[in-house]
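Notes to accompany the following structure.
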Amino acid sequence: MPRRPANKHKPRTKAEQRAETLERILDAAEHLFSKHGLNGVTLRDVAQKVGVHTSLMHYYFVDKRRLFEAVFTRRAGITSSRRLDALDRYDRECGGAPTVEGALRAFLDTDLDLYGNSGEGWKNFAAFAAQVSNSTEGAAMMDLHFDPVVLKLIGILKKALPGCSDADIFWGYDFVTGAFMHTLARTGRIDRLSGGVCNSDDFAAVKERIASFMAAGFIALCSKSARQGPARKKAPR
């Protein structure tokens, strides 16, 4: 009598089932937080999206704040380390003569490639990060995960703009990250304004333009300050 083929699908262990449920919870929460922020989402909302009872949520997370932090931490370390590696590589390979656009491309393009080419989950995280960056509750998480990569960028920009003041470089960074986070939010406003010429999901189009545009802003800002020279103190009347 022929032997029956062995079952190729080994039953999942309880640990594997818990890990899968956790990933589903994080994915659902990530999507909801990206749309509504921390205060616009409840644990019940996440449970309903996953298809589990709300009580199960408390098995994995003490409260909504812990879930919020877990969602952010899951991907933040990946994007931060990728950009830090890209900046380190650019700093080594530029021959001691970095350019503003080169530094910004290492910083911005690395993220745009990740978000544009890695599926809907990463796009949801991009929009979620945009929410976090513009909220008081997210400031500490941004500091924790992204300060090292931002300060690395600042260091390279200072080498690329040796006559530029620290104030202009930090303000320039603030303008860059503000525009970048607005882009990551994918609100669809540019789609409507442009009559469909532009698409807020088109990270490739953003990548083609944003570093060049922002580099020109840095150079213009620093050139203006250089022409004006040190600010003069007003003489007492």
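Ligands are numbered from 1 in the order shown, residues from 1 within each chain, and chains are lettered A, B, ... in the order they appear in the structure tokens.
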Close residues, Arg83 of chain A itself excluded, 12 Å, only C-alpha atoms, min 6 positions apart in chain, as a PDB file with C-alpha atoms, in the first residue's frame:
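Dumped to out_23.pdb:
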```pdb
ATOM      1  CA  ALA A  76      12.114  53.987  12.747  1.00  0.00           C
ATOM      2  CA  GLY A  77      15.367  52.195  13.522  1.00  0.00           C
ATOM      3  CA  ARG A  89      29.276  56.405   2.802  1.00  0.00           C
ATOM      4  CA  TYR A  90      28.823  59.763   1.082  1.00  0.00           C
ATOM      5  CA  ALA A 103      24.392  65.367   1.307  1.00  0.00           C
ATOM      6  CA  LEU A 104      20.664  65.937   0.856  1.00  0.00           C
ATOM      7  CA  ARG A 105      20.437  63.126  -1.684  1.00  0.00           C
ATOM      8  CA  ALA A 106      22.014  60.705   0.768  1.00  0.00           C
ATOM      9  CA  PHE A 107      19.589  61.862   3.445  1.00  0.00           C
ATOM     10  CA  LEU A 108      16.366  62.156   1.419  1.00  0.00           C
ATOM     11  CA  ASP A 109      16.703  59.764  -1.514  1.00  0.00           C
ATOM     12  CA  THR A 110      17.497  56.825   0.752  1.00  0.00           C
ATOM     13  CA  ASP A 111      14.167  57.258   2.509  1.00  0.00           C
ATOM     14  CA  LEU A 112      12.213  57.946  -0.663  1.00  0.00           C
ATOM     15  CA  ASP A 113      13.529  54.728  -2.205  1.00  0.00           C
ATOM     16  CA  LEU A 114      12.488  52.781   0.889  1.00  0.00           C
ATOM     17  CA  HIS A 145      15.458  57.718  16.812  1.00  0.00           C
ATOM     18  CA  PHE A 146      16.502  60.471  14.417  1.00  0.00           C
ATOM     19  CA  ASP A 147      18.818  62.931  16.189  1.00  0.00           C
ATOM     20  CA  PRO A 148      22.006  60.977  15.303  1.00  0.00           C
ATOM     21  CA  VAL A 149      21.232  60.922  11.568  1.00  0.00           C
ATOM     22  CA  VAL A 150      20.140  64.576  11.542  1.00  0.00           C
ATOM     23  CA  LEU A 151      23.309  65.692  13.325  1.00  0.00           C
ATOM     24  CA  LYS A 152      25.385  63.666  10.850  1.00  0.00           C
ATOM     25  CA  LEU A 153      23.675  65.536   8.001  1.00  0.00           C
TER      26      LEU A 153
END
```
Mind checking which residues fall within 9 Å of segment 117-125 of chain A, counting only C-alpha atoms, ignoring those fewer than 4 positions away in the same chain, and posting them as JSON, numbers by chain? {"A": [27, 30, 31, 32, 33, 34, 35, 71, 72, 75, 76, 112, 113, 129, 130, 184, 185, 186, 201]}
Shell of 12 Å around Lys224 of chain A, only C-alpha atoms, local chain residues under 6 positions omitted, as a ChimeraX atom specification: /A:163-165,168,217-218,230
One decimal, Å: what's the distance from atom CA of Thr79 of chain A over to atom CA of Glu101 of chain A, could you say?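 Value for the atom CA of Thr79 of chain A-atom CA of Glu101 of chain A distance: 19.8 Å.
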Atom CA of Asp202 of chain A to atom CA of Ile190 of chain A, straight-line distance in Å: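 According to the coordinates, atom CA of Ile190 of chain A and atom CA of Asp202 of chain A are separated by 10.9 Å.
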Quick one: pull the distance between atom CA of Glu69 of chain A and atom CA of Ala179 of chain A, Å, one decimal.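 Interatomic distance, atom CA of Glu69 of chain A to atom CA of Ala179 of chain A: 23.8 Å.
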Would you please extract all alpha helix (DSSP H) residues from segment 41-202 of chain A, as assigned by DSSP on the backbone, and give them as JSON, numbers by chain? {"A": [43, 44, 45, 46, 47, 48, 49, 50, 54, 55, 56, 57, 58, 59, 60, 64, 65, 66, 67, 68, 69, 70, 71, 72, 73, 74, 75, 76, 77, 78, 79, 80, 81, 82, 83, 84, 85, 86, 87, 88, 89, 90, 91, 92, 93, 100, 101, 102, 103, 104, 110, 111, 112, 113, 114, 115, 116, 117, 120, 121, 122, 123, 124, 125, 126, 127, 128, 129, 130, 131, 132, 133, 139, 140, 141, 142, 143, 144, 145, 146, 147, 148, 149, 150, 151, 152, 153, 154, 155, 156, 157, 158, 159, 160, 166, 167, 168, 169, 170, 171, 172, 173, 174, 175, 176, 177, 178, 179, 180, 181, 182, 183, 184, 185, 189, 190, 191, 192, 193]}
Include C-alpha atoms and write out the residues we just selected as a compact mmCIF listing (two decimals), in the first residue's frame.
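Saved result, result.txt, follows:
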```
# COMPACT_ATOMS: atom_id res chain seq x y z
CA LEU A 43 -7.61 50.41 20.97
CA ARG A 44 -11.14 49.39 20.02
CA ASP A 45 -10.62 50.87 16.54
CA VAL A 46 -7.46 48.81 16.09
CA ALA A 47 -9.12 45.65 17.41
CA GLN A 48 -11.99 46.04 14.97
CA LYS A 49 -9.63 46.51 12.03
CA VAL A 50 -7.66 43.39 13.02
CA THR A 54 -10.55 44.57 22.42
CA SER A 55 -9.48 42.60 25.50
CA LEU A 56 -6.79 40.88 23.41
CA MET A 57 -5.21 44.26 22.74
CA HIS A 58 -4.40 44.60 26.44
CA TYR A 59 -2.57 41.28 26.31
CA TYR A 60 -0.05 42.87 23.96
CA LYS A 64 -2.65 53.07 23.49
CA ARG A 65 0.51 55.07 24.13
CA ARG A 66 2.59 51.86 24.31
CA LEU A 67 1.05 50.70 21.04
CA PHE A 68 1.82 54.07 19.44
CA GLU A 69 5.47 53.82 20.51
CA ALA A 70 5.76 50.20 19.33
CA VAL A 71 4.39 51.08 15.90
CA PHE A 72 6.91 53.90 15.53
CA THR A 73 9.88 51.93 16.87
CA ARG A 74 9.28 48.95 14.57
CA ARG A 75 10.41 50.82 11.45
CA ALA A 76 12.11 53.99 12.75
CA GLY A 77 15.37 52.20 13.52
CA ILE A 78 15.50 50.76 10.01
CA THR A 79 15.07 54.06 8.19
CA SER A 80 17.41 55.88 10.56
CA SER A 81 20.22 53.34 10.19
CA ARG A 82 19.84 53.23 6.39
CA ARG A 83 20.19 57.00 6.16
CA LEU A 84 23.09 57.07 8.60
CA ASP A 85 24.88 54.45 6.50
CA ALA A 86 24.19 56.45 3.33
CA LEU A 87 25.53 59.66 4.88
CA ASP A 88 28.62 57.88 6.24
CA ARG A 89 29.28 56.40 2.80
CA TYR A 90 28.82 59.76 1.08
CA ASP A 91 31.11 61.45 3.61
CA ARG A 92 33.84 58.87 2.90
CA GLU A 93 33.45 58.92 -0.88
CA VAL A 100 24.81 70.39 -0.32
CA GLU A 101 22.86 68.44 -2.92
CA GLY A 102 25.00 65.35 -2.45
CA ALA A 103 24.39 65.37 1.31
CA LEU A 104 20.66 65.94 0.86
CA THR A 110 17.50 56.83 0.75
CA ASP A 111 14.17 57.26 2.51
CA LEU A 112 12.21 57.95 -0.66
CA ASP A 113 13.53 54.73 -2.20
CA LEU A 114 12.49 52.78 0.89
CA TYR A 115 9.00 54.25 1.04
CA GLY A 116 8.42 54.09 -2.69
CA ASN A 117 9.67 50.55 -3.30
CA GLU A 120 2.03 49.87 1.37
CA GLY A 121 3.22 49.22 4.93
CA TRP A 122 6.21 51.53 4.47
CA LYS A 123 4.02 54.18 2.84
CA ASN A 124 1.74 53.99 5.87
CA PHE A 125 4.75 54.41 8.13
CA ALA A 126 5.86 57.45 6.09
CA ALA A 127 2.49 59.11 6.67
CA PHE A 128 2.57 58.03 10.32
CA ALA A 129 6.04 59.57 10.76
CA ALA A 130 4.69 62.80 9.28
CA GLN A 131 1.96 62.75 11.94
CA VAL A 132 4.48 62.06 14.69
CA SER A 133 6.88 64.81 13.59
CA ALA A 139 8.74 64.86 19.67
CA ALA A 140 10.59 62.62 22.14
CA MET A 141 10.40 59.65 19.77
CA MET A 142 11.76 61.73 16.90
CA ASP A 143 14.62 62.89 19.15
CA LEU A 144 15.44 59.36 20.23
CA HIS A 145 15.46 57.72 16.81
CA PHE A 146 16.50 60.47 14.42
CA ASP A 147 18.82 62.93 16.19
CA PRO A 148 22.01 60.98 15.30
CA VAL A 149 21.23 60.92 11.57
CA VAL A 150 20.14 64.58 11.54
CA LEU A 151 23.31 65.69 13.33
CA LYS A 152 25.38 63.67 10.85
CA LEU A 153 23.67 65.54 8.00
CA ILE A 154 24.28 68.86 9.73
CA GLY A 155 27.98 68.02 10.08
CA ILE A 156 28.32 67.33 6.36
CA LEU A 157 26.37 70.47 5.45
CA LYS A 158 28.75 72.54 7.56
CA LYS A 159 31.66 71.14 5.55
CA ALA A 160 29.83 71.87 2.30
CA ASP A 166 24.97 77.51 12.27
CA ALA A 167 21.64 79.32 12.48
CA ASP A 168 21.17 79.29 8.70
CA ILE A 169 22.12 75.62 8.45
CA PHE A 170 19.75 74.56 11.21
CA TRP A 171 16.93 76.69 9.81
CA GLY A 172 17.63 75.22 6.39
CA TYR A 173 17.37 71.72 7.83
CA ASP A 174 14.08 72.67 9.51
CA PHE A 175 12.67 73.83 6.17
CA VAL A 176 13.88 70.64 4.46
CA THR A 177 12.35 68.30 6.99
CA GLY A 178 9.10 70.28 7.04
CA ALA A 179 8.72 69.95 3.27
CA PHE A 180 9.78 66.30 3.40
CA MET A 181 7.25 65.39 6.09
CA HIS A 182 4.52 67.20 4.19
CA THR A 183 5.42 65.07 1.16
CA LEU A 184 5.33 61.86 3.21
CA ALA A 185 1.85 62.70 4.52
CA ARG A 189 -3.68 68.22 -2.09
CA ILE A 190 -1.01 68.56 -4.78
CA ASP A 191 -3.03 66.16 -6.94
CA ARG A 192 -6.09 68.40 -6.77
CA LEU A 193 -4.19 71.68 -7.14
```
From the list A:Asp63, A:Leu22, A:Leu161, A:Ala211, which residue is nearest Thr42 of chain A when using only C-alpha atoms?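 Closest to Thr42 of chain A of all the choices is A:Asp63.
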Rank nothing, just name the residue among A:Arg209, A:Lys14, A:Phe61, A:Cys198 nearest to Leu26 of chain A, using only C-alpha atoms. A:Phe61
